[in-house]
Structures are given as structure tokens and as C-alpha cells.
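The structure file run_11.cif is reproduced below (mmCIF, C-alpha atoms).
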```
data_upload
#
loop_
_atom_site.label_atom_id
_atom_site.label_comp_id
_atom_site.auth_asym_id
_atom_site.auth_seq_id
_atom_site.Cartn_x
_atom_site.Cartn_y
_atom_site.Cartn_z
CA MET A 928 10.57 -104.00 188.39
CA LEU A 929 12.92 -100.94 188.45
CA GLY A 930 15.88 -103.27 188.92
CA MET A 931 14.88 -105.34 185.92
CA LEU A 932 14.57 -102.21 183.77
CA ALA A 933 18.04 -101.06 184.86
CA LEU A 934 19.58 -104.40 183.93
CA ALA A 935 17.90 -104.31 180.56
CA ALA A 936 19.23 -100.79 179.90
CA CYS A 937 22.82 -101.92 180.63
CA SER A 938 22.69 -104.91 178.31
CA ASP A 939 24.51 -104.56 174.99
CA ASP A 940 22.42 -107.21 173.22
CA LYS A 941 18.98 -106.39 174.56
CA GLU A 942 16.02 -107.30 172.35
CA GLU A 943 13.23 -104.95 171.47
CA PRO A 944 9.97 -105.97 173.17
CA ALA A 945 7.46 -107.66 170.90
CA ALA A 946 4.58 -105.53 169.72
CA PRO A 947 1.30 -106.28 171.47
CA VAL A 948 -1.07 -108.57 169.60
CA VAL A 949 -4.13 -106.52 168.70
CA PRO A 950 -7.01 -108.40 167.08
CA PRO A 951 -8.71 -106.86 164.06
CA VAL A 952 -11.50 -104.49 165.01
CA ASP A 953 -14.03 -106.74 163.30
CA SER A 954 -12.93 -109.94 165.04
CA PRO A 955 -15.70 -111.82 166.88
CA LYS A 956 -16.22 -111.16 170.56
CA TRP A 957 -19.01 -111.14 173.13
CA HIS A 958 -21.38 -108.17 173.03
CA LEU A 959 -23.95 -107.48 175.73
CA ALA A 960 -27.34 -107.62 174.00
CA TRP A 961 -29.69 -107.34 176.98
CA SER A 962 -29.69 -107.36 180.79
CA ASP A 963 -32.00 -107.04 183.77
CA ASP A 964 -30.61 -105.83 187.11
CA PHE A 965 -33.97 -106.09 188.94
CA ASN A 966 -33.47 -102.53 190.23
CA GLY A 967 -37.11 -101.47 190.05
CA GLU A 968 -39.92 -101.81 192.54
CA SER A 969 -41.72 -104.33 190.36
CA LEU A 970 -40.94 -107.04 187.82
CA ASP A 971 -40.40 -105.97 184.19
CA GLU A 972 -43.54 -107.52 182.73
CA SER A 973 -42.36 -106.99 179.15
CA THR A 974 -39.85 -109.79 179.82
CA TRP A 975 -41.05 -111.77 182.84
CA SER A 976 -44.18 -113.37 184.23
CA ARG A 977 -44.64 -115.15 187.51
CA THR A 978 -44.66 -118.88 186.81
CA ASP A 979 -47.94 -120.75 186.58
CA ARG A 980 -49.03 -123.72 188.67
CA GLY A 981 -48.73 -127.01 186.80
CA THR A 982 -48.57 -130.77 187.23
CA PRO A 983 -44.80 -131.48 186.83
CA ASP A 984 -42.81 -131.88 190.04
CA TRP A 985 -41.07 -128.52 189.61
CA GLN A 986 -44.34 -126.69 189.04
CA ASN A 987 -46.88 -128.16 191.44
CA THR A 988 -46.20 -125.63 194.22
CA GLN A 989 -45.53 -122.58 192.02
CA SER A 990 -47.60 -119.60 193.11
CA LYS A 991 -48.15 -115.97 192.14
CA ASP A 992 -48.69 -115.11 195.81
CA ASP A 993 -46.87 -111.88 196.73
CA ARG A 994 -45.35 -113.59 199.78
CA CYS A 995 -43.18 -115.67 197.42
CA TYR A 996 -41.59 -112.59 195.81
CA GLU A 997 -39.58 -109.66 197.09
CA MET A 998 -38.08 -106.83 195.04
CA THR A 999 -35.28 -105.39 197.18
CA GLY A 1000 -34.43 -102.48 194.89
CA SER A 1001 -31.31 -104.21 193.60
CA SER A 1002 -32.39 -107.86 193.30
CA ILE A 1003 -35.37 -110.19 193.36
CA LYS A 1004 -35.91 -112.87 196.01
CA LEU A 1005 -37.89 -116.00 195.12
CA LYS A 1006 -39.16 -117.82 198.19
CA GLY A 1007 -40.49 -121.19 199.27
CA ILE A 1008 -42.91 -121.01 202.21
CA VAL A 1009 -45.43 -123.06 204.13
CA ASN A 1010 -48.91 -122.28 202.80
CA PRO A 1011 -50.70 -120.47 205.64
CA ASP A 1012 -54.18 -121.13 204.22
CA THR A 1013 -54.83 -124.43 202.46
CA SER A 1014 -58.57 -123.72 202.38
CA THR A 1015 -58.06 -121.39 199.41
CA ASP A 1016 -55.10 -123.25 197.87
CA PRO A 1017 -54.65 -126.95 198.73
CA SER A 1018 -50.90 -126.97 198.11
CA PRO A 1019 -49.01 -127.41 201.42
CA TYR A 1020 -46.23 -125.15 200.13
CA LEU A 1021 -46.01 -122.07 197.93
CA THR A 1022 -42.99 -121.25 195.78
CA GLY A 1023 -42.06 -118.29 193.60
CA GLY A 1024 -40.59 -118.33 190.12
CA ILE A 1025 -40.27 -116.14 187.04
CA TRP A 1026 -40.04 -117.05 183.38
CA SER A 1027 -39.76 -115.30 180.01
CA LYS A 1028 -42.13 -117.76 178.33
CA GLY A 1029 -43.95 -116.17 175.39
CA LYS A 1030 -42.17 -112.85 175.96
CA LYS A 1031 -38.41 -112.98 175.49
CA ALA A 1032 -36.30 -115.53 173.64
CA PHE A 1033 -32.64 -116.23 174.34
CA GLY A 1034 -30.70 -117.88 171.53
CA PRO A 1035 -29.90 -117.85 167.84
CA GLY A 1036 -32.82 -116.85 165.66
CA GLU A 1037 -33.29 -117.24 161.92
CA ALA A 1038 -31.95 -113.75 161.20
CA ASP A 1039 -28.97 -113.99 163.54
CA ALA A 1040 -27.42 -117.40 164.11
CA SER A 1041 -24.52 -116.17 166.22
CA PRO A 1042 -23.49 -118.02 169.41
CA VAL A 1043 -25.07 -116.69 172.60
CA CYS A 1044 -24.27 -116.61 176.31
CA ILE A 1045 -26.70 -116.40 179.25
CA GLN A 1046 -25.41 -115.51 182.71
CA VAL A 1047 -27.39 -115.37 185.97
CA LYS A 1048 -25.87 -114.04 189.18
CA ALA A 1049 -27.68 -115.65 192.10
CA ARG A 1050 -27.29 -116.42 195.78
CA LEU A 1051 -28.87 -119.31 197.68
CA ASP A 1052 -29.49 -119.56 201.40
CA ASN A 1053 -28.67 -122.56 203.60
CA GLY A 1054 -31.37 -124.58 201.90
CA ALA A 1055 -33.82 -127.05 203.36
CA THR A 1056 -34.65 -130.71 203.07
CA GLY A 1057 -36.73 -130.87 199.90
CA ALA A 1058 -35.57 -127.50 198.50
CA TRP A 1059 -34.79 -127.43 194.76
CA PRO A 1060 -33.90 -123.98 193.35
CA ALA A 1061 -33.15 -123.94 189.64
CA ILE A 1062 -32.11 -121.75 186.72
CA TRP A 1063 -32.97 -123.41 183.42
CA MET A 1064 -34.33 -123.06 179.89
CA MET A 1065 -36.99 -124.60 177.68
CA PRO A 1066 -37.58 -124.08 173.93
CA PHE A 1067 -39.25 -120.78 173.05
CA ALA A 1068 -41.11 -122.46 170.18
CA GLU A 1069 -42.89 -125.41 171.76
CA ASP A 1070 -43.23 -127.56 168.63
CA GLN A 1071 -42.00 -130.85 170.14
CA GLY A 1072 -42.69 -132.79 173.30
CA TRP A 1073 -40.18 -133.41 176.07
CA PRO A 1074 -37.44 -134.67 175.97
CA GLU A 1075 -37.20 -134.43 172.16
CA CYS A 1076 -37.39 -130.63 172.42
CA GLY A 1077 -34.41 -130.50 174.79
CA GLU A 1078 -33.84 -128.83 178.15
CA ILE A 1079 -30.90 -126.81 179.47
CA ASP A 1080 -30.36 -126.77 183.24
CA ILE A 1081 -27.90 -123.98 184.06
CA MET A 1082 -28.07 -124.57 187.82
CA GLU A 1083 -29.95 -126.96 190.13
CA ARG A 1084 -29.26 -127.41 193.82
CA LEU A 1085 -30.81 -130.07 196.08
CA ASN A 1086 -31.52 -129.80 199.81
CA HIS A 1087 -28.55 -128.30 201.71
CA ASP A 1088 -25.89 -129.39 199.19
CA ASN A 1089 -22.79 -127.28 198.64
CA ALA A 1090 -22.85 -128.41 195.02
CA VAL A 1091 -24.91 -127.72 191.92
CA TYR A 1092 -25.88 -129.69 188.82
CA GLN A 1093 -25.54 -128.44 185.25
CA THR A 1094 -27.32 -130.72 182.77
CA LEU A 1095 -28.60 -131.12 179.21
CA HIS A 1096 -31.63 -133.29 178.48
CA SER A 1097 -32.60 -134.67 175.08
CA HIS A 1098 -34.09 -137.75 173.43
CA TYR A 1099 -30.52 -139.00 173.02
CA SER A 1100 -29.46 -138.58 176.66
CA TYR A 1101 -32.78 -139.22 178.43
CA THR A 1102 -34.88 -141.65 176.37
CA LEU A 1103 -31.98 -143.56 174.81
CA GLY A 1104 -29.88 -143.18 177.96
CA LYS A 1105 -26.68 -142.36 176.09
CA LYS A 1106 -24.11 -140.61 178.30
CA ASP A 1107 -21.26 -140.33 175.80
CA PRO A 1108 -20.66 -137.43 175.54
CA VAL A 1109 -21.29 -136.70 179.22
CA ASN A 1110 -24.41 -134.51 179.55
CA SER A 1111 -24.36 -133.59 183.25
CA ILE A 1112 -21.92 -132.54 185.95
CA LEU A 1113 -22.08 -131.99 189.71
CA LYS A 1114 -19.76 -129.18 190.81
CA ARG A 1115 -18.90 -128.35 194.41
CA VAL A 1116 -19.74 -124.69 195.09
CA ALA A 1117 -20.08 -122.82 198.38
CA VAL A 1118 -23.57 -121.86 197.31
CA SER A 1119 -24.73 -120.48 200.66
CA SER A 1120 -21.85 -118.08 201.22
CA ASP A 1121 -22.17 -115.56 198.42
CA TYR A 1122 -23.36 -114.82 194.92
CA HIS A 1123 -22.17 -117.00 192.04
CA ILE A 1124 -22.46 -116.51 188.29
CA TYR A 1125 -24.04 -119.46 186.51
CA GLU A 1126 -23.51 -119.44 182.75
CA VAL A 1127 -24.27 -121.34 179.58
CA GLN A 1128 -22.94 -120.70 176.07
CA LEU A 1129 -24.75 -122.04 173.01
CA TRP A 1130 -22.58 -122.69 169.95
CA PRO A 1131 -23.60 -124.42 166.69
CA ASP A 1132 -21.48 -127.46 167.59
CA ARG A 1133 -21.31 -127.42 171.40
CA VAL A 1134 -22.82 -126.21 174.67
CA ARG A 1135 -20.51 -124.89 177.39
CA PHE A 1136 -21.31 -124.46 181.08
CA TYR A 1137 -19.40 -122.16 183.44
CA ILE A 1138 -19.49 -121.20 187.12
CA ASP A 1139 -17.85 -117.91 188.09
CA GLY A 1140 -16.07 -117.80 184.74
CA VAL A 1141 -14.53 -121.28 185.09
CA GLU A 1142 -15.61 -123.84 182.51
CA SER A 1143 -17.30 -126.84 184.11
CA LEU A 1144 -18.60 -128.88 181.15
CA THR A 1145 -18.51 -128.82 177.36
CA TYR A 1146 -21.05 -130.94 175.51
CA PRO A 1147 -20.18 -131.41 171.79
CA LYS A 1148 -22.46 -132.15 168.88
CA VAL A 1149 -21.62 -135.64 167.57
CA ASN A 1150 -22.66 -137.56 164.44
CA ASP A 1151 -24.34 -134.41 163.15
CA GLY A 1152 -26.81 -134.59 166.05
CA ALA A 1153 -28.28 -137.97 165.06
CA ASP A 1154 -30.88 -139.61 167.34
CA GLY A 1155 -31.94 -136.23 168.73
CA GLN A 1156 -28.54 -135.68 170.32
CA PHE A 1157 -28.24 -131.91 169.84
CA PRO A 1158 -31.52 -129.91 169.90
CA PHE A 1159 -29.78 -126.99 171.63
CA PHE A 1160 -28.78 -124.36 169.06
CA LYS A 1161 -32.11 -122.52 168.93
CA GLU A 1162 -34.19 -120.03 170.92
CA TRP A 1163 -35.14 -120.67 174.55
CA TYR A 1164 -37.06 -119.03 177.36
CA LEU A 1165 -35.49 -118.67 180.77
CA ILE A 1166 -36.96 -119.98 184.04
CA ILE A 1167 -35.66 -119.01 187.49
CA ASP A 1168 -37.59 -120.64 190.30
CA MET A 1169 -37.60 -121.76 193.89
CA GLN A 1170 -38.98 -125.29 194.09
CA LEU A 1171 -40.00 -127.61 196.92
CA GLY A 1172 -40.41 -131.37 196.83
CA GLY A 1173 -40.64 -133.87 194.01
CA SER A 1174 -39.45 -137.33 193.06
CA TRP A 1175 -35.84 -136.20 192.58
CA VAL A 1176 -35.28 -134.03 195.66
CA GLY A 1177 -37.66 -135.92 197.98
CA ASN A 1178 -39.98 -134.84 200.78
CA VAL A 1179 -39.94 -131.39 202.36
CA ASP A 1180 -39.15 -130.66 206.00
CA SER A 1181 -41.54 -127.80 206.71
CA SER A 1182 -39.70 -126.89 209.93
CA GLN A 1183 -36.76 -125.69 207.78
CA LEU A 1184 -38.84 -123.22 205.76
CA PRO A 1185 -38.84 -120.55 204.45
CA VAL A 1186 -36.05 -120.80 201.89
CA GLU A 1187 -35.09 -118.39 199.14
CA MET A 1188 -32.98 -117.72 196.07
CA GLU A 1189 -31.86 -114.13 195.45
CA VAL A 1190 -31.12 -113.05 191.87
CA ASP A 1191 -28.90 -110.01 191.33
CA TRP A 1192 -28.99 -109.87 187.54
CA VAL A 1193 -29.42 -111.69 184.22
CA ARG A 1194 -27.15 -110.89 181.25
CA TYR A 1195 -27.45 -112.00 177.65
CA TYR A 1196 -24.57 -111.79 175.15
CA ARG A 1197 -24.13 -112.41 171.43
CA TYR A 1198 -20.85 -113.37 169.78
CA TYR A 1199 -19.99 -111.45 166.61
#
```
Give the structure from the file, written as C-alpha cells.
Amino acid sequence: MLGMLALAACSDDKEEPAAPVVPPVDSPKWHLAWSDDFNGESLDESTWSRTDRGTPDWQNTQSKDDRCYEMTGSSIKLKGIVNPDTSTDPSPYLTGGIWSKGKKAFGPGEADASPVCIQVKARLDNGATGAWPAIWMMPFAEDQGWPECGEIDIMERLNHDNAVYQTLHSHYSYTLGKKDPVNSILKRVAVSSDYHIYEVQLWPDRVRFYIDGVESLTYPKVNDGADGQFPFFKEWYLIIDMQLGGSWVGNVDSSQLPVEMEVDWVRYYRYY
């Protein structure tokens, strides 16, 4: 570098360096609107609840049992375990999950229709046959059935895979089976080695997925969203859960349990 400066100083026809490009102070950019670092001894119940048991595949082993949750002081661990007592709960497995359903919305509201970004920093273990950890979103206002209402899957991992899915579901992509534009991607990620940041951005005319800051998929709005193609620019609640079994992932090998997903933080940005 010093040598280059010396050569420049000796040149008779040297050019003045260009002035740095500074955007106007009011130009749009991402602003952190909310975050949770899971640093406390208990879950922030103003934002999160433990997920309820339900009939869908993802929900039929969800449990509020303390053994499925661990606050480490700097993160939260969501676990999948063998149920030690099926006399009180018939489910063979118990899994932990948290959601912001009915408490906190993520997305453009009526008063502020700016684009938004949701990031989750999470680490998965080696996995297990039948393990299905996921980070995903469902509409905050449940005024339509599925899949018309839409679904945003920020991260799903199956079994022991060193890869994750990022997917959008809608009437257009699921019921009508239209895959143009492409609505899902499988990205190879060394999920068991360290934390990764899984991200989705919601724009009025597109949805963008990222992993560790690298764009993995952009899904555009086409034909003005006809046939239920783009029900995504609205408010959502966030679900982060450890799952076991189901028609997609298959049967569980109980000898490989327990499994867990550790979440370091969640961050929510607005673009203005």
C-alpha cells in the first residue's frame, strides 16, 4: 500500500480520488424493530407461548413438559424426547416448540406497510431418523383456511440431512400445483456444526430467503397474485419447534433420541 501511494505521488497526471457515495440520510434501509436474545431464566410470555398439542403431523407430539425446554441463560433449547410415562400422555414422544400466536405479529400492518425481515439464529444437533425441526410462520389473522392463507417455511430439516428446505405454500403452489415461479429450495448447509442465520424478507412484490446472509431463493409476485399466488405480504406469527415423525419425515428411531434445536436469537427488521 505504501508503495502504491509513493507511485501516485510521483505521477504528473494523477487523478483526484472520487468522492465517496453517501446516500441521503432519509434513504430506506433496514432498522431493527424488535429482538429476543433468550437471555433470561424463563421465556418472555408477552411474546411467546409453548406450542399446543394438535392433530397435524407437526403438532401431534408437541408438549409443554419442562423436559422439552431449557433456558441456558443465552439461548433456548427445544428438545424431542421419548415419553417416559405414556400412562399420563399417550404420545410416544414429546417435543418442545414456541410460537408468537395471538401475541406478536411479524409483517406489514395497515399503518405501516414497509417491507420486513425476520432472522433466526439457530443450531441443530446431529439429528435423528424421524426428526423434523422447523422455523416457520402462519398468518396472524386466521381468516382463511390452509393453504389459501399461505405458509412461510424459513427452515426445515429432515432426519440427519446436512441440508435445509425453505418453502412457500399457497393455493397456487399447493392446491393448483403450480411451480413456476419455483416456491421451494433445498440448500446444503453444515447444520450440525455451528449456528446458522435463517432469514426471510417480505416485500410487496416478492419474498426472499437467505442463509447466513447469502440469498437462496426469491419468489416474485406474478399476474398480480391471481389464483391465490401471493398471500404473503401481511402479518404472521412465528413458530420455532422441534418435531418428530409424520408423513413427510417418516417414522422415528427412538434409539437416536433425544434431539434438540438451540436458538440463540430472533431479530425483526423494518425497511424505511
Contacts of segment 1159-1192 of chain A with segment 976-980 of chain A up to 12 Å, shortest pair per row, only C-alpha atoms, as a tab-separated table:
```
residue	atom	partner	partner_atom	distance
A:Tyr1164	CA	A:Ser976	CA	11.4
A:Leu1165	CA	A:Ser976	CA	10.8
A:Ile1166	CA	A:Thr978	CA	8.3
A:Ile1167	CA	A:Thr978	CA	9.0
A:Asp1168	CA	A:Thr978	CA	8.1
A:Met1169	CA	A:Thr978	CA	10.4
A:Gln1170	CA	A:Thr978	CA	11.2
```
> Which residues fall under the PyMOL selection byres ((chain A and resi 1050-1065) around 7) in this file, as an NGL selection string?
Replying inline: :A and (1049 or 1066-1067 or 1078-1087 or 1118-1119 or 1121-1123 or 1163-1172 or 1176-1180 or 1183-1184 or 1186-1190)
Compile a residue-level contact table for segment 1098-1191 of chain A against segment 1039-1048 of chain A at a cut-off of 8 Å, reporting for every qualifying residue the shortest atom pair and its distance in Å to one decimal, with all atoms listed in the file counted, rows ordered by chain and ascending number, as CSV.
```
residue,atom,partner,partner_atom,distance
A:Tyr1122,CA,A:Lys1048,CA,6.3
A:His1123,CA,A:Lys1048,CA,5.5
A:Ile1124,CA,A:Lys1048,CA,4.3
A:Tyr1125,CA,A:Val1047,CA,5.3
A:Glu1126,CA,A:Gln1046,CA,4.4
A:Val1127,CA,A:Ile1045,CA,5.5
A:Gln1128,CA,A:Cys1044,CA,4.3
A:Leu1129,CA,A:Val1043,CA,5.4
A:Trp1130,CA,A:Pro1042,CA,4.8
A:Pro1131,CA,A:Pro1042,CA,7.0
A:Val1190,CA,A:Lys1048,CA,6.0
A:Asp1191,CA,A:Lys1048,CA,5.5
```
>> Measuring between only C-alpha atoms, which one of A:Glu1162, A:Glu1069, A:Glu968, A:Asp984 shows the shortest distance to Phe1033 of chain A?
In response: A:Glu1162
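Around segment 1104-1109 of chain A, within 8 Å and counting only C-alpha atoms, the residues found are Tyr1099, Ser1100, Tyr1101, Ile1112, Tyr1146 and Pro1147 of chain A, once anything fewer than 3 positions away on its own chain is removed.
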Could the residues in this selection be saved with C-alpha atoms as a compact mmCIF listing (two decimals), in the coordinates of the input?
```txt
# COMPACT_ATOMS: atom_id res chain seq x y z
CA TYR A 1099 -30.52 -139.00 173.02
CA SER A 1100 -29.46 -138.58 176.66
CA TYR A 1101 -32.78 -139.22 178.43
CA ILE A 1112 -21.92 -132.54 185.95
CA TYR A 1146 -21.05 -130.94 175.51
CA PRO A 1147 -20.18 -131.41 171.79
```
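The coordinates place atom CA of Ile1025 of chain A at 23.3 Å from atom CA of Ser1120 of chain A.
Candidate residues A:Asp1088, A:Asp1070, A:Asp1154, A:Asp1132 were compared for distance to Arg1115 of chain A, and the nearest is A:Asp1088, using only C-alpha atoms.
Using all atoms listed in the file, the residues found no farther than 6 Å from Gln989 of chain A, other than those of its own chain fewer than 3 positions away, are Arg980, Gln986, Leu1021, Thr1022 and Gly1023 of chain A.
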Size and centre in Å, one decimal, axis-aligned box, all listed segment 1015-1025 of chain A atoms plus 4 Å per side, as AutoDock Vina command-line options:
```
--center_x -49.2 --center_y -121.8 --center_z 194.2 --size_x 25.8 --size_y 19.3 --size_z 22.4
```
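With only C-alpha atoms as the atoms that count, the residue of A:Ala1117, A:Glu1075, A:Asp992, A:Asn1110 with the shortest distance to Ala1090 of chain A is A:Ala1117.
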> Within 7 Å of Ser1111 of chain A, counting only C-alpha atoms, which residues qualify if same-chain residues fewer than 4 places away don't, as a list in words?
Replying inline: Tyr1092, Gln1093, Thr1094 and Leu1095 of chain A
So which residues fall inside 6 Å of (-32.5, -110.2, 183.0) if we count all atoms listed in the file? Mind giving them as an mmCIF file with C-alpha atoms, in the frame of the given file?
```
data_model
loop_
_atom_site.group_PDB
_atom_site.id
_atom_site.type_symbol
_atom_site.label_atom_id
_atom_site.label_comp_id
_atom_site.auth_asym_id
_atom_site.auth_seq_id
_atom_site.Cartn_x
_atom_site.Cartn_y
_atom_site.Cartn_z
ATOM 1 C CA SER A 962 -29.690 -107.360 180.790
ATOM 2 C CA ASP A 963 -32.000 -107.040 183.770
ATOM 3 C CA TRP A 1192 -28.990 -109.870 187.540
ATOM 4 C CA VAL A 1193 -29.420 -111.690 184.220
ATOM 5 C CA ARG A 1194 -27.150 -110.890 181.250
#
```
> Taking into account all atoms listed in the file, which residue in the set A:Ile1008, A:Glu997, A:Thr988, A:His1096 is nearest to Ser1182 of chain A?
Replying inline: A:Ile1008
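Atom CA of Pro1011 of chain A sits 21.4 Å away from atom CA of Met998 of chain A.
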> What residues come out when you apply the PyMOL selection byres ((chain A and resi 1143) around 10) to this file, written as an MDAnalysis selection string?
Replying inline: chainID A and resid 1093 1111:1114 1126:1127 1135:1142 1144:1145
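Between atom CA of Val1009 of chain A and atom CA of Gly1173 of chain A the interatomic distance comes to 15.6 Å.
Considering all atoms listed in the file, the residue among A:Ser969, A:Gln1071, A:Gln1156, A:Ser1181 positioned nearest to Thr1102 of chain A is A:Gln1156.
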>> Measuring between only C-alpha atoms, which one of A:His958, A:Lys1161, A:Lys991, A:Lys1031 shows the shortest distance to Gly1077 of chain A?
In response: A:Lys1161
